[in-house]
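Structure, as structure tokens:
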Amino acid sequence: MSKIETSKQSRRAFLSGAAAVGAGAMASGEALAQTADPLITQPQEWAQGFGDGVDATSYGLPSQYEGDVIRRNVEWLTADQISSINFTPIHALDGTITPQGCAFERHHSGAIDLSKSDYRLMINGLVDTPLVFTYDDLERFPRENHVYFCECAANTGMEWAGAQLNGAQFTHGMIHNMEYTGVPLRLLLEEAGYDTAGKWVFVEGADASSNGRSIPMDKALDDVLVAFKANGEALRKEHGYPVRLVVPGWEGNMWIKWIRRIEVTNFPVESREETSKYTDTLENGVSRKWTWAMDAKSVVTSPSPQAPIKHGKGPLVITGLAWSGNGAIKRVDVSKDGGKTWETARLAKPGEKMALTRFYLDIDWDGSEMLLQSRAIDETGYVQPTKTQLRDVRGLNSIYHNNCIQTWWVRESGEAENVEVS
């Protein structure tokens with residue numbers, strides 16, 4: 001019998017066993033009283049009266065029973081919350097689209113209040129006509145919709161020196177994946193008549209930090225968006241309302257929020273955020289810059305430390321996320337023994353360029369310990385590395401672009417812990 005047939009048989013046996021409990025309980029009144037589930041057999045309060053009317057909440061909110069699905073920060077990571085970060089609860093989500101209310105935040109001087117009426121975007125430098133756009137101006141340009149992930153370059157950064165943070169939310173939660181609506185930056189540059197000799201654009205935000213970054217002109221003309229919607233609605237304040245930059249596949253620090261100015265230049269500006277910060281330290285102590293793209297990466301989100309196995313032995317869905325800034329995910333492998341053997345997971349749908357991909361591995365868990373890992377392969381053929389492979393190049397003192405394979409030790413109890421198997 002094939003592995004697939006065996007899996008189906010075990011699941012069918014599990015479900016038929018559950019049905020048998022109900023059938024047996026109906027054999028006598030005594031058995032019914034002792035074993036039947038009152039949530040099935042007895043009338044419930046919520047079915048005996050009216051629920052909320054259509055205007056109970058003017059803006060739909062999550063159910064009160066989902067109050068644990070929230071962003072969280074780690075207080076000791078930063079000196080204060082003004083220049084800090086919180087994390088997406090990826091362990092509690094499924095599919096690939098991140099609700100805006102759950103999507104991680106990263107600020108360098110706090111999230112600012114900026115209205116659409118006060119919003120302005122300047123394009124200057126090597127252009128025929130320096131221009132200033134209002135928000136309404138931007139909405140008159142042809143717009144596009146694309147689903148992209150945004151990942152902080154420091155995502156998983158704490159794990160360089162070993163297993164540190166106990167939860168997928170904290171190790172890999174500096175990421176979100178949303179559908180963005182906006183105007184291709186190319187169209188705005190063309191409107192201003194950019195000088196084709198210009199090789200770079202320098203982009204800065206309206207907040208106090210400005211967080212300026214230099215972007216090669218080739219990228220600016222390719223797929224960069226000036227975005228004003230996410231998941232069909234206006235951007236949230238913490239995500240750059242009313243307008244932000246979207247730089248597909250590249251580190252989140254380049255996705256300038258509250259974007260106010262784009263300057264066409266012949267050279268990179270060498271700002272703080274691309275010299276002393278957001279450079280990658282190598283094993284020999286030399287730091288490299290211009291490492292914009294986020295390489296292929298994945299993580300098992302369940303089971304994981306914040307999403308333990310609660311049902312005991314039997315059918316188990318192992319699931320997680322994979323992504324690559326260099327294209328689409330083509331395959332994800334899952335290991336239950338710390339990388340000794342691998343099984344190919346099922347992708348929920350074919351991978352999309354620079355977007356999260358959901359994977360599943362359906363197994364029959366026998367209750368034994370597991371060392372769960374996932375390994376992503378993108379369309380370029382790149383294979384997600386082990387931590388040892390990364391350390392051979394960058395040592396222990398790097399911060400950014402840690403895309404190593406993650407390990408969860410799942411105990412017989414179903415509880416999970418972050419461990420290092422490199």
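Chain identifiers are assigned as A, B, and so on, following the order in which chains appear in the structure tokens; residues are numbered from 1 within each chain, and ligands are numbered from 1 in order of appearance.
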
Near A:Val201, counting only C-alpha atoms, which residues have an atom at most 9 Å away, once you skip same-chain residues fewer than 2 positions from it, shown as a list in words?
->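 Final neighbour list, sorted by chain and number: Gly125, Gly198, Lys199, Val203, Arg213, Ser214, Ile215, Pro216, Met217, Ala220, Ile262, Glu263, Val264, Thr265, Asn266, Phe267, Pro268 and Val269 of chain A.
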
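Within the 8 Å cut-off around A:Thr98, using only C-alpha atoms and omitting residues fewer than 2 positions from it on the same chain, the listed residues are Leu93, Thr96, Gln100, Cys102, Ala103, His176, Asn177 and Met178 of chain A.
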
Best match for closeness to A:Arg358 among A:Val393, A:Val300, A:Ala92, A:Ala307, counting only C-alpha atoms = A:Val300

Which one of A:Arg186, A:His108, A:His239, A:Arg391 sits closest to A:Leu225 if you count only C-alpha atoms?
-> A:Arg186

From A:Glu159, A:Gly95, A:Asp55, A:Glu420, residue lying nearest A:Lys349 [only C-alpha atoms] =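 Ranked by minimum distance to A:Lys349, first place goes to A:Gly95.
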
Skip A:Thr301 itself and residues of its chain fewer than 5 positions away, then list as a PyMOL selection string all residues within 7 Å of it, counting only C-alpha atoms.
-> chain A and resi 90-91+168+319-320

Save out the residues we just selected, all heavy atoms, as a PDB file, in the first residue's frame.
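Contents of part-v2.pdb, freshly written:
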ATOM      1  N   ILE A  90       2.675  34.665  13.247  1.00  0.00           N
ATOM      2  CA  ILE A  90       2.609  33.718  12.129  1.00  0.00           C
ATOM      3  C   ILE A  90       2.214  32.318  12.584  1.00  0.00           C
ATOM      4  O   ILE A  90       1.699  31.528  11.781  1.00  0.00           O
ATOM      5  CB  ILE A  90       3.932  33.675  11.341  1.00  0.00           C
ATOM      6  CG1 ILE A  90       5.110  33.288  12.247  1.00  0.00           C
ATOM      7  CG2 ILE A  90       4.198  35.006  10.657  1.00  0.00           C
ATOM      8  CD1 ILE A  90       6.414  33.086  11.493  1.00  0.00           C
ATOM      9  N   HIS A  91       2.431  31.999  13.851  1.00  0.00           N
ATOM     10  CA  HIS A  91       2.070  30.675  14.368  1.00  0.00           C
ATOM     11  C   HIS A  91       0.558  30.470  14.419  1.00  0.00           C
ATOM     12  O   HIS A  91       0.081  29.333  14.453  1.00  0.00           O
ATOM     13  CB  HIS A  91       2.640  30.504  15.778  1.00  0.00           C
ATOM     14  CG  HIS A  91       2.037  31.440  16.778  1.00  0.00           C
ATOM     15  ND1 HIS A  91       2.351  32.776  16.815  1.00  0.00           N
ATOM     16  CD2 HIS A  91       1.105  31.248  17.759  1.00  0.00           C
ATOM     17  CE1 HIS A  91       1.670  33.363  17.779  1.00  0.00           C
ATOM     18  NE2 HIS A  91       0.894  32.464  18.365  1.00  0.00           N
ATOM     19  N   ALA A 168       7.823  30.813  16.832  1.00  0.00           N
ATOM     20  CA  ALA A 168       7.955  31.236  15.436  1.00  0.00           C
ATOM     21  C   ALA A 168       7.639  32.718  15.286  1.00  0.00           C
ATOM     22  O   ALA A 168       8.215  33.401  14.437  1.00  0.00           O
ATOM     23  CB  ALA A 168       7.030  30.402  14.548  1.00  0.00           C
ATOM     24  N   THR A 319       2.551  22.509   9.101  1.00  0.00           N
ATOM     25  CA  THR A 319       2.408  23.593   8.134  1.00  0.00           C
ATOM     26  C   THR A 319       3.396  24.711   8.404  1.00  0.00           C
ATOM     27  O   THR A 319       3.933  24.832   9.511  1.00  0.00           O
ATOM     28  CB  THR A 319       0.969  24.155   8.135  1.00  0.00           C
ATOM     29  OG1 THR A 319       0.832  25.110   7.077  1.00  0.00           O
ATOM     30  CG2 THR A 319       0.629  24.818   9.461  1.00  0.00           C
ATOM     31  N   GLY A 320       3.630  25.514   7.388  1.00  0.00           N
ATOM     32  CA  GLY A 320       4.560  26.616   7.535  1.00  0.00           C
ATOM     33  C   GLY A 320       4.559  27.523   6.321  1.00  0.00           C
ATOM     34  O   GLY A 320       3.701  27.414   5.439  1.00  0.00           O
TER      35      GLY A 320
END

Determine, for each residue of stretch 106-202 of chain A having at least one atom at most 12 Å from an atom of stretch 291-299 of chain A, the closest pair of atoms and their separation in Å to one decimal, counting only C-alpha atoms; order by chain and ascending number, as JSON lines.
{"residue": "A:Phe149", "atom": "CA", "partner": "A:Met294", "partner_atom": "CA", "distance": 10.1}
{"residue": "A:Cys150", "atom": "CA", "partner": "A:Met294", "partner_atom": "CA", "distance": 9.5}
{"residue": "A:Glu151", "atom": "CA", "partner": "A:Met294", "partner_atom": "CA", "distance": 7.7}
{"residue": "A:Cys152", "atom": "CA", "partner": "A:Met294", "partner_atom": "CA", "distance": 9.0}
{"residue": "A:Ala153", "atom": "CA", "partner": "A:Met294", "partner_atom": "CA", "distance": 7.5}
{"residue": "A:Ala154", "atom": "CA", "partner": "A:Met294", "partner_atom": "CA", "distance": 10.6}
{"residue": "A:Asn155", "atom": "CA", "partner": "A:Met294", "partner_atom": "CA", "distance": 10.2}
{"residue": "A:Thr156", "atom": "CA", "partner": "A:Lys297", "partner_atom": "CA", "distance": 10.4}
{"residue": "A:Gly167", "atom": "CA", "partner": "A:Val299", "partner_atom": "CA", "distance": 10.8}
{"residue": "A:Ala168", "atom": "CA", "partner": "A:Val299", "partner_atom": "CA", "distance": 7.6}
{"residue": "A:Gln169", "atom": "CA", "partner": "A:Val299", "partner_atom": "CA", "distance": 10.4}
{"residue": "A:Phe170", "atom": "CA", "partner": "A:Val299", "partner_atom": "CA", "distance": 11.8}
{"residue": "A:Thr171", "atom": "CA", "partner": "A:Val299", "partner_atom": "CA", "distance": 9.3}
{"residue": "A:His172", "atom": "CA", "partner": "A:Val299", "partner_atom": "CA", "distance": 7.4}
{"residue": "A:Gly173", "atom": "CA", "partner": "A:Val299", "partner_atom": "CA", "distance": 10.1}
{"residue": "A:Ile175", "atom": "CA", "partner": "A:Met294", "partner_atom": "CA", "distance": 11.2}

Quick one: write out the picked residues with all heavy atoms as an mmCIF file, in the first residue's frame?
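Once everything was written out, this is part30.cif:
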data_model
loop_
_atom_site.group_PDB
_atom_site.id
_atom_site.type_symbol
_atom_site.label_atom_id
_atom_site.label_comp_id
_atom_site.auth_asym_id
_atom_site.auth_seq_id
_atom_site.Cartn_x
_atom_site.Cartn_y
_atom_site.Cartn_z
ATOM 1 N N PHE A 149 5.737 39.889 -0.046
ATOM 2 C CA PHE A 149 6.120 39.842 1.364
ATOM 3 C C PHE A 149 7.040 41.018 1.666
ATOM 4 O O PHE A 149 7.771 41.503 0.802
ATOM 5 C CB PHE A 149 6.799 38.512 1.722
ATOM 6 C CG PHE A 149 8.213 38.355 1.233
ATOM 7 C CD1 PHE A 149 9.295 38.923 1.900
ATOM 8 C CD2 PHE A 149 8.483 37.607 0.083
ATOM 9 C CE1 PHE A 149 10.595 38.770 1.455
ATOM 10 C CE2 PHE A 149 9.785 37.442 -0.377
ATOM 11 C CZ PHE A 149 10.839 38.026 0.312
ATOM 12 N N CYS A 150 6.979 41.481 2.901
ATOM 13 C CA CYS A 150 7.909 42.483 3.417
ATOM 14 C C CYS A 150 8.586 41.858 4.632
ATOM 15 O O CYS A 150 7.914 41.505 5.602
ATOM 16 C CB CYS A 150 7.171 43.757 3.815
ATOM 17 S SG CYS A 150 8.222 45.010 4.602
ATOM 18 N N GLU A 151 9.916 41.711 4.573
ATOM 19 C CA GLU A 151 10.659 41.081 5.661
ATOM 20 C C GLU A 151 11.769 42.005 6.137
ATOM 21 O O GLU A 151 12.554 42.511 5.332
ATOM 22 C CB GLU A 151 11.269 39.753 5.209
ATOM 23 C CG GLU A 151 12.030 39.035 6.329
ATOM 24 C CD GLU A 151 12.696 37.746 5.877
ATOM 25 O OE1 GLU A 151 12.869 37.552 4.651
ATOM 26 O OE2 GLU A 151 13.070 36.942 6.748
ATOM 27 N N CYS A 152 11.822 42.213 7.437
ATOM 28 C CA CYS A 152 12.919 42.976 8.021
ATOM 29 C C CYS A 152 14.221 42.220 7.828
ATOM 30 O O CYS A 152 14.272 40.999 8.002
ATOM 31 C CB CYS A 152 12.655 43.210 9.502
ATOM 32 S SG CYS A 152 13.964 44.146 10.338
ATOM 33 N N ALA A 153 15.282 42.923 7.469
ATOM 34 C CA ALA A 153 16.583 42.282 7.272
ATOM 35 C C ALA A 153 17.067 41.590 8.538
ATOM 36 O O ALA A 153 17.849 40.634 8.474
ATOM 37 C CB ALA A 153 17.613 43.309 6.811
ATOM 38 N N ALA A 154 16.593 42.049 9.705
ATOM 39 C CA ALA A 154 17.011 41.460 10.981
ATOM 40 C C ALA A 154 16.141 40.300 11.414
ATOM 41 O O ALA A 154 16.330 39.760 12.510
ATOM 42 C CB ALA A 154 17.013 42.534 12.067
ATOM 43 N N ASN A 155 15.176 39.899 10.574
ATOM 44 C CA ASN A 155 14.333 38.754 10.932
ATOM 45 C C ASN A 155 15.212 37.525 11.158
ATOM 46 O O ASN A 155 16.052 37.193 10.317
ATOM 47 C CB ASN A 155 13.327 38.478 9.802
ATOM 48 C CG ASN A 155 12.146 37.649 10.254
ATOM 49 O OD1 ASN A 155 11.822 37.588 11.438
ATOM 50 N ND2 ASN A 155 11.481 37.017 9.300
ATOM 51 N N THR A 156 15.041 36.862 12.298
ATOM 52 C CA THR A 156 15.829 35.690 12.713
ATOM 53 C C THR A 156 17.246 36.081 13.122
ATOM 54 O O THR A 156 18.072 35.218 13.403
ATOM 55 C CB THR A 156 15.875 34.609 11.594
ATOM 56 O OG1 THR A 156 14.609 34.528 10.957
ATOM 57 C CG2 THR A 156 16.176 33.221 12.166
ATOM 58 N N GLY A 167 9.622 30.735 19.909
ATOM 59 C CA GLY A 167 8.352 30.882 19.204
ATOM 60 C C GLY A 167 8.577 31.354 17.785
ATOM 61 O O GLY A 167 9.427 32.217 17.534
ATOM 62 N N ALA A 168 7.823 30.813 16.832
ATOM 63 C CA ALA A 168 7.955 31.236 15.436
ATOM 64 C C ALA A 168 7.639 32.718 15.286
ATOM 65 O O ALA A 168 8.215 33.401 14.437
ATOM 66 C CB ALA A 168 7.030 30.402 14.548
ATOM 67 N N GLN A 169 6.722 33.234 16.117
ATOM 68 C CA GLN A 169 6.407 34.649 16.062
ATOM 69 C C GLN A 169 7.645 35.492 16.324
ATOM 70 O O GLN A 169 7.839 36.537 15.681
ATOM 71 C CB GLN A 169 5.316 34.991 17.078
ATOM 72 C CG GLN A 169 4.947 36.470 17.098
ATOM 73 C CD GLN A 169 3.746 36.762 17.969
ATOM 74 O OE1 GLN A 169 3.367 35.968 18.823
ATOM 75 N NE2 GLN A 169 3.113 37.902 17.745
ATOM 76 N N PHE A 170 8.499 35.052 17.247
ATOM 77 C CA PHE A 170 9.648 35.840 17.645
ATOM 78 C C PHE A 170 10.893 35.555 16.796
ATOM 79 O O PHE A 170 11.722 36.439 16.602
ATOM 80 C CB PHE A 170 9.953 35.596 19.120
ATOM 81 C CG PHE A 170 8.800 35.915 20.019
ATOM 82 C CD1 PHE A 170 8.167 34.927 20.748
ATOM 83 C CD2 PHE A 170 8.316 37.204 20.106
ATOM 84 C CE1 PHE A 170 7.089 35.213 21.563
ATOM 85 C CE2 PHE A 170 7.227 37.514 20.919
ATOM 86 C CZ PHE A 170 6.620 36.512 21.650
ATOM 87 N N THR A 171 11.037 34.348 16.314
ATOM 88 C CA THR A 171 12.203 34.034 15.493
ATOM 89 C C THR A 171 12.030 34.479 14.044
ATOM 90 O O THR A 171 12.983 34.890 13.386
ATOM 91 C CB THR A 171 12.511 32.522 15.499
ATOM 92 O OG1 THR A 171 11.360 31.807 15.020
ATOM 93 C CG2 THR A 171 12.869 32.040 16.891
ATOM 94 N N HIS A 172 10.779 34.407 13.531
ATOM 95 C CA HIS A 172 10.536 34.671 12.109
ATOM 96 C C HIS A 172 9.395 35.647 11.848
ATOM 97 O O HIS A 172 8.992 35.829 10.697
ATOM 98 C CB HIS A 172 10.218 33.351 11.388
ATOM 99 C CG HIS A 172 11.375 32.425 11.265
ATOM 100 N ND1 HIS A 172 11.893 31.731 12.343
ATOM 101 C CD2 HIS A 172 12.129 32.074 10.196
ATOM 102 C CE1 HIS A 172 12.916 30.982 11.931
ATOM 103 N NE2 HIS A 172 13.075 31.179 10.634
ATOM 104 N N GLY A 173 8.885 36.311 12.876
ATOM 105 C CA GLY A 173 7.684 37.120 12.726
ATOM 106 C C GLY A 173 7.884 38.537 12.244
ATOM 107 O O GLY A 173 6.920 39.308 12.190
ATOM 108 N N ILE A 175 7.836 39.667 9.439
ATOM 109 C CA ILE A 175 7.454 39.488 8.050
ATOM 110 C C ILE A 175 5.942 39.609 7.929
ATOM 111 O O ILE A 175 5.199 39.258 8.854
ATOM 112 C CB ILE A 175 7.923 38.121 7.511
ATOM 113 C CG1 ILE A 175 7.788 38.059 5.982
ATOM 114 C CG2 ILE A 175 7.193 36.963 8.180
ATOM 115 C CD1 ILE A 175 8.494 36.866 5.354
#
